[in-house]
$ cat structure.txt   # compact mmCIF, C-alpha atoms
# COMPACT_ATOMS: atom_id res chain seq x y z
CA MET X 203 44.61 20.24 57.68
CA ASP X 204 47.19 17.66 56.62
CA ARG X 205 50.70 17.62 57.95
CA LYS X 206 52.23 19.00 54.77
CA ARG X 207 50.03 22.10 54.80
CA THR X 208 50.61 22.62 58.56
CA LYS X 209 54.36 22.50 58.08
CA ILE X 210 54.19 25.11 55.30
CA LEU X 211 52.08 27.44 57.51
CA TRP X 212 54.52 27.31 60.44
CA MET X 213 57.41 27.97 58.06
CA ALA X 214 55.63 31.12 56.83
CA ILE X 215 54.99 32.33 60.39
CA ALA X 216 58.64 31.78 61.27
CA LEU X 217 59.71 33.81 58.23
CA VAL X 218 57.45 36.73 59.22
CA LEU X 219 58.79 36.72 62.78
CA ALA X 220 62.32 36.69 61.49
CA ILE X 221 61.89 39.93 59.55
CA MET X 222 59.60 41.73 62.04
CA PRO X 223 61.25 44.87 63.55
CA LEU X 224 62.62 44.39 67.05
CA ALA X 225 60.63 47.38 68.34
CA THR X 226 57.36 45.61 67.41
CA LEU X 227 58.30 42.62 69.52
CA LEU X 228 59.52 44.69 72.47
CA GLY X 229 56.43 46.91 72.54
CA SER X 230 56.36 49.45 75.41
CA SER X 231 59.65 48.33 76.93
CA ALA X 232 61.50 49.52 73.82
CA ALA X 233 59.81 52.94 74.11
CA ALA X 234 60.99 53.25 77.71
CA GLN X 235 64.57 52.82 76.59
CA SER X 236 64.31 55.57 73.95
CA GLY X 237 64.76 58.33 76.64
CA ASN X 238 67.92 59.27 78.53
CA HIS X 239 68.41 59.72 82.26
CA LEU X 240 71.09 61.73 84.03
CA ALA X 241 72.11 61.71 87.69
CA GLY X 242 75.03 62.89 89.77
CA THR X 243 76.27 65.26 92.45
CA VAL X 244 76.94 68.98 92.30
CA TYR X 245 80.06 70.13 94.15
CA ASP X 246 81.30 73.59 95.10
CA PRO X 247 84.81 74.77 94.12
CA ASP X 248 86.21 73.18 97.30
CA GLY X 249 84.68 69.78 96.53
CA LYS X 250 81.80 70.03 99.01
CA PRO X 251 78.30 68.96 97.89
CA LEU X 252 76.00 71.88 97.04
CA ALA X 253 72.56 71.35 98.57
CA ASN X 254 69.36 72.99 97.33
CA VAL X 255 70.76 74.48 94.14
CA THR X 256 68.71 74.44 90.95
CA LEU X 257 69.85 72.96 87.65
CA VAL X 258 68.13 74.33 84.55
CA PHE X 259 68.45 72.00 81.53
CA LYS X 260 67.78 73.26 77.97
CA ASN X 261 68.12 71.12 74.85
CA GLU X 262 69.91 73.05 72.11
CA THR X 263 67.94 71.31 69.34
CA THR X 264 64.44 70.64 70.71
CA HIS X 265 64.53 73.60 73.13
CA HIS X 266 62.90 71.49 75.82
CA VAL X 267 63.51 72.97 79.29
CA PHE X 268 63.17 71.48 82.75
CA THR X 269 64.63 72.06 86.22
CA VAL X 270 65.74 69.84 89.06
CA THR X 271 67.00 70.69 92.55
CA THR X 272 69.79 69.00 94.47
CA ASP X 273 69.01 67.31 97.77
CA ALA X 274 70.74 67.80 101.12
CA LYS X 275 73.76 65.84 99.84
CA GLY X 276 74.02 67.75 96.58
CA ARG X 277 72.57 64.90 94.48
CA TYR X 278 70.27 65.41 91.52
CA SER X 279 68.33 63.17 89.14
CA THR X 280 66.64 64.11 85.87
CA PRO X 281 63.43 62.71 84.41
CA ALA X 282 63.92 59.46 82.50
CA ASP X 283 62.73 60.82 79.16
CA MET X 284 65.46 63.31 78.25
CA ASP X 285 65.81 63.93 74.53
CA SER X 286 69.04 62.86 72.94
CA GLY X 287 71.37 65.66 72.05
CA THR X 288 73.30 68.45 73.75
CA TRP X 289 71.83 70.05 76.88
CA ASP X 290 72.95 73.36 78.34
CA ILE X 291 72.94 73.40 82.15
CA ASP X 292 72.69 76.53 84.33
CA VAL X 293 73.46 76.11 88.02
CA LYS X 294 71.53 78.61 90.12
CA ASP X 295 71.96 79.40 93.81
CA GLN X 296 69.06 79.73 96.26
CA SER X 297 68.61 83.40 95.27
CA GLY X 298 68.13 82.45 91.63
CA ASN X 299 71.52 83.72 90.47
CA VAL X 300 73.40 81.71 87.84
CA ILE X 301 76.68 80.69 89.47
CA PHE X 302 77.93 78.26 86.84
CA GLU X 303 77.20 77.18 83.27
CA THR X 304 78.04 73.81 81.74
CA GLY X 305 76.57 71.23 79.35
CA VAL X 306 76.23 67.52 78.58
CA LYS X 307 75.55 65.33 75.55
CA VAL X 308 73.33 62.24 75.89
CA SER X 309 72.07 59.62 73.42
CA GLY X 310 71.16 55.97 73.09
CA GLY X 311 68.39 55.85 75.69
CA GLN X 312 70.76 55.12 78.56
CA ASP X 313 71.40 56.12 82.16
CA PHE X 314 74.32 58.49 82.58
CA THR X 315 76.25 59.68 85.61
CA GLN X 316 77.35 63.29 85.41
CA ASP X 317 78.89 65.00 88.43
CA ILE X 318 79.18 68.79 88.22
CA ARG X 319 82.02 70.75 89.81
CA VAL X 320 81.14 74.42 90.03
CA VAL X 321 84.09 76.52 88.91
CA ILE X 322 84.01 80.20 89.84
CA SER X 323 85.84 82.67 87.60
CA ALA X 324 88.07 85.41 88.95
CA GLN X 325 85.36 87.93 88.06
CA GLN X 326 82.72 85.94 89.96
CA LYS X 327 85.02 85.64 92.95
CA GLN X 328 85.53 89.40 92.95
CA GLN X 329 81.77 89.96 92.66
CA GLN X 330 81.16 87.65 95.60
CA ALA X 331 83.85 89.38 97.64
CA ASP X 332 82.38 92.77 96.79
CA ALA X 333 78.90 91.60 97.76
CA LYS X 334 80.18 90.31 101.10
CA LYS X 335 82.07 93.53 101.71
CA PHE X 336 79.02 95.60 100.80
CA ALA X 337 76.91 93.64 103.29
CA GLY X 338 79.44 94.45 106.00
CA MET X 339 79.55 98.09 104.92
CA LYS X 340 75.76 98.33 105.02
CA ALA X 341 75.66 96.94 108.56
CA ASP X 342 78.15 99.59 109.73
CA PHE X 343 76.36 102.29 107.74
CA ASP X 344 72.98 101.39 109.27
CA ALA X 345 74.54 101.41 112.75
CA GLY X 346 75.91 104.89 112.06
CA VAL X 347 72.52 106.17 110.90
CA ALA X 348 70.81 104.74 114.00
CA ALA X 349 73.36 106.32 116.35
CA TYR X 350 73.16 109.66 114.53
CA ASN X 351 69.36 109.74 114.74
CA GLN X 352 69.48 108.96 118.45
CA GLY X 353 72.02 111.75 118.90
CA ILE X 354 69.73 114.22 117.11
CA ASP X 355 66.89 113.28 119.47
CA ILE X 356 69.15 113.88 122.48
CA GLN X 357 70.29 117.20 120.98
CA LYS X 358 66.66 118.36 120.81
CA GLN X 359 66.07 117.34 124.42
CA LEU X 360 69.26 119.10 125.49
CA ALA X 361 68.08 122.41 124.04
CA GLN X 362 65.02 122.42 126.32
CA ALA X 363 66.32 120.52 129.36
CA PRO X 364 66.68 122.05 132.84
CA ALA X 365 70.21 122.88 133.89
CA ASP X 366 70.49 119.89 136.22
CA GLN X 367 69.83 117.45 133.33
CA LYS X 368 72.14 118.94 130.73
CA ASP X 369 75.36 117.16 131.78
CA ALA X 370 73.78 113.71 131.56
CA LEU X 371 72.19 114.49 128.20
CA GLN X 372 75.46 115.93 126.88
CA ALA X 373 77.24 112.70 127.84
CA GLN X 374 74.65 110.68 125.89
CA LEU X 375 74.95 113.00 122.92
CA THR X 376 78.73 112.61 122.88
CA GLN X 377 78.41 108.83 123.04
CA PHE X 378 75.95 108.63 120.13
CA ALA X 379 77.97 111.09 118.05
CA ASP X 380 81.20 109.15 118.60
CA THR X 381 79.46 105.87 117.71
CA ALA X 382 78.09 107.39 114.52
CA VAL X 383 81.50 108.73 113.50
CA LYS X 384 83.25 105.40 114.11
CA SER X 385 80.53 103.43 112.28
CA PHE X 386 80.68 105.66 109.20
CA GLN X 387 84.49 105.60 109.27
CA THR X 388 84.44 101.80 109.28
CA ALA X 389 81.87 101.73 106.48
CA LEU X 390 84.12 104.00 104.44
CA THR X 391 87.09 101.63 104.76
CA GLU X 392 84.94 98.86 103.28
CA LEU X 393 84.38 100.78 100.05
CA SER X 394 86.76 101.12 97.14
CA SER X 395 87.84 104.60 96.07
CA THR X 396 85.58 104.33 93.01
CA ASP X 397 82.49 102.86 94.69
CA SER X 398 79.31 104.67 93.65
CA ASN X 399 78.13 104.81 97.28
CA ARG X 400 81.20 106.62 98.57
CA HIS X 401 79.74 110.13 98.50
CA ILE X 402 76.73 108.96 100.54
CA VAL X 403 78.91 107.57 103.33
CA LEU X 404 81.10 110.69 103.32
CA TYR X 405 77.99 112.90 103.56
CA ARG X 406 76.73 111.00 106.59
CA LEU X 407 80.19 111.03 108.17
CA ALA X 408 80.24 114.82 107.79
CA GLN X 409 76.88 115.02 109.57
CA ALA X 410 78.21 112.85 112.39
CA TYR X 411 81.29 115.07 112.78
CA ASP X 412 78.98 118.08 113.04
CA LEU X 413 76.95 116.36 115.75
CA GLU X 414 80.22 115.65 117.53
CA GLY X 415 81.19 119.33 117.27
CA ASN X 416 84.20 118.58 115.08
CA PHE X 417 83.57 121.22 112.44
CA ASP X 418 86.97 120.99 110.71
CA GLN X 419 86.47 117.30 110.01
CA SER X 420 82.87 117.95 108.97
CA VAL X 421 84.05 120.50 106.39
CA ALA X 422 86.67 118.07 105.06
CA SER X 423 84.13 115.23 104.75
CA TYR X 424 81.59 117.40 102.94
CA GLN X 425 84.31 118.50 100.53
CA GLN X 426 85.29 114.86 99.91
CA ALA X 427 81.65 113.91 99.40
CA ILE X 428 81.19 116.68 96.83
CA ALA X 429 84.35 115.58 95.01
CA THR X 430 83.00 112.02 94.62
CA PHE X 431 79.49 112.92 93.41
CA PRO X 432 78.67 111.64 89.92
CA PRO X 433 78.50 114.45 87.33
CA PRO X 434 75.02 116.03 87.56
CA THR X 435 72.72 115.75 84.56
CA GLY X 436 70.22 118.30 85.87
CA PRO X 437 69.07 119.77 89.18
CA ASP X 438 70.69 117.64 91.90
CA ARG X 439 69.12 118.00 95.34
CA ASP X 440 71.68 115.75 97.05
CA LEU X 441 74.63 117.70 95.65
CA ALA X 442 72.91 120.96 96.59
CA GLY X 443 72.36 119.63 100.11
CA SER X 444 76.05 118.82 100.44
CA TYR X 445 77.08 122.33 99.36
CA ASN X 446 74.44 123.83 101.66
CA ASN X 447 75.69 121.88 104.67
CA LEU X 448 79.28 122.71 103.77
CA GLY X 449 78.30 126.38 103.84
CA ASN X 450 76.76 125.93 107.28
CA GLU X 451 79.96 124.36 108.63
CA LEU X 452 82.14 127.08 107.15
CA ALA X 453 79.86 129.74 108.65
CA LYS X 454 80.24 128.14 112.09
CA GLU X 455 83.99 128.55 111.69
CA GLY X 456 83.57 132.21 110.75
CA LYS X 457 84.67 131.64 107.14
CA ILE X 458 81.83 133.71 105.72
CA ASP X 459 83.22 134.29 102.23
CA ASP X 460 83.86 130.56 101.80
CA ALA X 461 80.39 129.82 103.19
CA LEU X 462 78.75 132.21 100.71
CA ALA X 463 80.62 130.54 97.84
CA ALA X 464 79.29 127.15 99.00
CA TYR X 465 75.73 128.50 99.24
CA GLN X 466 76.03 129.88 95.71
CA LYS X 467 77.06 126.44 94.44
CA ALA X 468 74.15 124.89 96.33
CA ALA X 469 71.76 127.27 94.60
CA ASP X 470 73.38 126.54 91.21
CA ALA X 471 73.09 122.77 91.76
CA ASP X 472 69.33 122.90 92.32
CA PRO X 473 67.82 126.28 91.34
CA PRO X 474 64.15 125.29 91.86
CA ASP X 475 64.86 124.37 95.48
CA ALA X 476 67.50 127.00 96.28
CA ALA X 477 65.51 128.84 98.96
CA SER X 478 67.32 127.06 101.79
CA ALA X 479 70.74 127.98 100.39
CA TRP X 480 69.81 131.66 99.99
CA ARG X 481 68.23 131.76 103.43
CA ASN X 482 71.35 130.30 105.01
CA ALA X 483 73.50 132.75 103.09
CA GLY X 484 71.40 135.59 104.48
CA ILE X 485 71.57 134.19 108.02
CA SER X 486 75.38 133.95 107.80
CA LEU X 487 75.56 137.63 106.90
CA TYR X 488 72.87 138.53 109.43
CA ASN X 489 74.77 136.83 112.26
CA THR X 490 77.90 138.83 111.45
CA GLY X 491 76.03 142.14 111.42
CA LYS X 492 76.14 142.53 107.64
CA MET X 493 72.42 143.16 107.40
CA ALA X 494 72.50 145.30 104.28
CA ASP X 495 74.37 142.50 102.47
CA ALA X 496 71.84 139.94 103.74
CA ILE X 497 68.88 141.65 102.07
CA VAL X 498 69.46 140.25 98.57
CA PRO X 499 69.89 136.60 99.69
CA PHE X 500 66.69 136.86 101.76
CA GLN X 501 64.84 138.41 98.82
CA LYS X 502 65.96 135.53 96.59
CA ALA X 503 64.82 133.04 99.24
CA VAL X 504 61.29 134.47 99.57
CA ALA X 505 60.98 134.67 95.78
CA ILE X 506 61.42 130.88 95.65
CA ASP X 507 59.66 130.03 98.92
CA PRO X 508 57.20 132.81 99.80
CA LYS X 509 55.62 130.81 102.63
CA ASN X 510 58.55 130.81 105.03
CA ALA X 511 57.75 133.15 107.92
CA GLN X 512 61.31 133.12 109.28
CA THR X 513 62.74 134.45 106.04
CA TRP X 514 60.16 137.26 105.85
CA TYR X 515 60.92 138.26 109.44
CA LEU X 516 64.68 138.28 108.84
CA LEU X 517 64.23 140.24 105.61
CA GLY X 518 62.09 142.80 107.45
CA THR X 519 64.69 143.09 110.21
CA CYS X 520 67.51 143.70 107.72
CA LEU X 521 65.44 146.29 105.88
CA MET X 522 64.54 147.96 109.19
CA ASN X 523 68.24 148.22 110.05
CA THR X 524 68.92 150.11 106.83
CA MET X 525 66.42 152.85 107.65
CA GLY X 526 67.45 156.41 107.02
CA SER X 527 66.15 159.63 108.56
CA LYS X 528 65.57 163.27 107.79
CA THR X 529 65.35 166.37 109.98
CA VAL X 530 62.22 168.51 109.77
CA GLY X 531 62.54 171.53 112.03
CA ASP X 532 63.66 170.17 115.35
CA LYS X 533 62.37 166.65 114.65
CA VAL X 534 64.17 163.63 113.21
CA ILE X 535 61.76 161.70 110.96
CA PRO X 536 62.63 158.06 110.15
CA ILE X 537 62.65 157.02 106.50
CA ILE X 538 61.50 153.44 106.24
CA THR X 539 63.17 151.31 103.55
CA PRO X 540 60.55 150.16 101.01
CA GLY X 541 59.37 146.59 101.66
CA THR X 542 60.02 146.65 105.42
CA VAL X 543 56.41 146.79 106.55
CA GLU X 544 55.30 144.31 103.88
CA ALA X 545 57.96 141.79 105.00
CA PHE X 546 56.82 141.93 108.64
CA GLU X 547 53.16 141.70 107.65
CA LYS X 548 53.90 138.59 105.55
CA ALA X 549 55.54 136.97 108.57
CA VAL X 550 52.51 137.78 110.73
CA ASP X 551 50.11 136.37 108.14
CA LEU X 552 52.09 133.12 107.88
CA ASP X 553 52.87 132.67 111.60
CA PRO X 554 50.37 134.81 113.56
CA ASN X 555 50.91 133.12 116.92
CA GLY X 556 54.40 131.73 116.42
CA GLN X 557 57.87 133.06 117.09
CA TRP X 558 58.30 134.88 113.77
CA GLY X 559 54.81 136.34 113.66
CA LEU X 560 54.96 137.66 117.23
CA GLN X 561 58.41 139.19 116.70
CA SER X 562 57.17 140.81 113.50
CA LYS X 563 54.21 142.36 115.36
CA GLN X 564 56.65 143.79 117.89
CA ALA X 565 58.73 145.25 115.05
CA LEU X 566 55.65 146.90 113.53
CA GLU X 567 54.73 148.33 116.92
CA ALA X 568 58.26 149.71 117.26
CA LEU X 569 57.98 151.40 113.87
CA GLN X 570 54.70 152.95 114.90
CA ALA X 571 56.23 154.14 118.15
CA MET X 572 58.99 155.88 116.22
CA GLY X 573 56.38 158.08 114.64
CA ALA X 574 57.30 156.81 111.22
CA GLY X 575 53.74 157.32 110.05
CA ILE X 576 53.39 153.78 108.72
CA ASP X 577 50.05 152.36 107.68
CA THR X 578 49.64 148.76 108.85
CA LYS X 579 46.69 146.59 109.78
CA TYR X 580 48.59 145.50 112.88
CA LYS X 581 48.13 148.41 115.30
CA ALA X 582 49.94 148.74 118.61
CA PRO X 583 47.67 147.90 121.61
CA LYS X 584 46.32 150.89 123.49
CA GLY X 585 48.50 152.02 126.38
CA LYS X 586 51.69 151.35 124.42
CA GLY X 587 53.59 154.06 122.70
$ encode --input "structure.txt" --output "structure tokens"
Amino acid sequence: MDRKRTKILWMAIALVLAIMPLATLLGSSAAAQSGNHLAGTVYDPDGKPLANVTLVFKNETTHHVFTVTTDAKGRYSTPADMDSGTWDIDVKDQSGNVIFETGVKVSGGQDFTQDIRVVISAQQKQQQADAKKFAGMKADFDAGVAAYNQGIDIQKQLAQAPADQKDALQAQLTQFADTAVKSFQTALTELSSTDSNRHIVLYRLAQAYDLEGNFDQSVASYQQAIATFPPPTGPDRDLAGSYNNLGNELAKEGKIDDALAAYQKAADADPPDAASAWRNAGISLYNTGKMADAIVPFQKAVAIDPKNAQTWYLLGTCLMNTMGSKTVGDKVIPIITPGTVEAFEKAVDLDPNGQWGLQSKQALEALQAMGAGIDTKYKAPKGKG
């Protein structure tokens, strides 16, 4: 090849190189610079680095999503191939809750520094304060429940303990009851007047007052609990339980009419499970000697719960106490109220060897001894009469 032709060839090559795109010459290094990279530090509202929080990046246009986590000094670094455009950033705490939202715009295939200062709104601050307060309330509430349960165990022991052990057990019971009351009182102060958990704490406080023997305060707490219950949308066992317990406290104070009104409301609040309320209503009347008045509540109770031996026994006893009589010649013949024998027999069937069954057998034997002419499968043993 002569010099003239060689010179022309090199001139052509030079012209091609002059118009060749820069990306072709740079090859892979140009591709590396097409992505964006972001790094920085995440700070809390007080300017302290936030360690181990998660940043969730989402590109508004491409919808690419990735996450990074800050290190012990609050620093983060994204992959080096971020798309250009606007990225939404969610800052999440270690529980996965979004504590802050922000964004950033990147382009040009460059490295960017972007520090993030978490700003907490007034609403978020209130939510955090409420969560902290609730945690404290729950600790006091749990302490109250534990003390109450221990007190109940001591109360059961006290009922069966020998005389020489009763004083020591009573001292323990008083201590647990007082601890329960104070714990529930403290828990209550940590709740707002509109908190949805308020009626639960008031209910447990009422129970603790009862364990303590402070019936006036127990009544007041049950009434407050009932007043703060959410409106029922159907049968409400918890509301019924509050009315039922309120009735029990009122009965202990001798306020029978008020107690019966509370039992009625308990039955109305949860009709399918009203047997306990009716039974307690009957017991309140029974304990005050109003046995004729107690018959209907006991009948309602066994209609709902026919497998309760105690209720059948009490019903039989009330019916037995309404017996009449007639004089035939020089004899007085008892007239047994219908249902009396059947009530005692039900109790025996359900609790043949227990307290209620044995007492019912004794009642049937007594009726036989009266010469009432009753027909029962439970006959008095020979030698008695």
$ residues_around --input "structure.txt" --residues "Thr381 of chain X" --least-positions-apart "6" --cutoff "12 Å" --atoms "all atoms listed in the file" --output "list in words"
Asp342, Phe343, Asp344, Ala345, Gly346, Val347, Ala348, Ala349, Tyr350, Asn351, Gln352, Gly353, Gln374, Leu375, Gln387, Thr388, Leu407, Ala410, Tyr411, Leu413 and Glu414 of chain X
$ closest_residue --input "structure.txt" --among "X:Asp397, X:Glu392, X:Glu451, X:Asp553" --to "Asp412 of chain X" --atoms "all atoms listed in the file"
X:Glu451
$ residues_around --input "structure.txt" --residues "segment 428-436 of chain X" --least-positions-apart "2" --cutoff "9 Å" --atoms "all atoms listed in the file" --output "ChimeraX atom specification"
/X:395-396,398,400-402,404-405,423-426,438,441,444-445,471-472
$ closest_residue --input "structure.txt" --among "X:Leu448, X:Ala463, X:Ala389, X:Ala503" --to "Ala477 of chain X" --atoms "only C-alpha atoms"
X:Ala503
$ closest_residue --input "structure.txt" --among "X:Lys492, X:Lys528, X:Lys548, X:Lys260" --to "Trp514 of chain X" --atoms "only C-alpha atoms"
X:Lys548
$ closest_residue --input "structure.txt" --among "X:Ser385, X:Thr490, X:Asn254, X:Gln312" --to "Met339 of chain X" --atoms "only C-alpha atoms"
X:Ser385
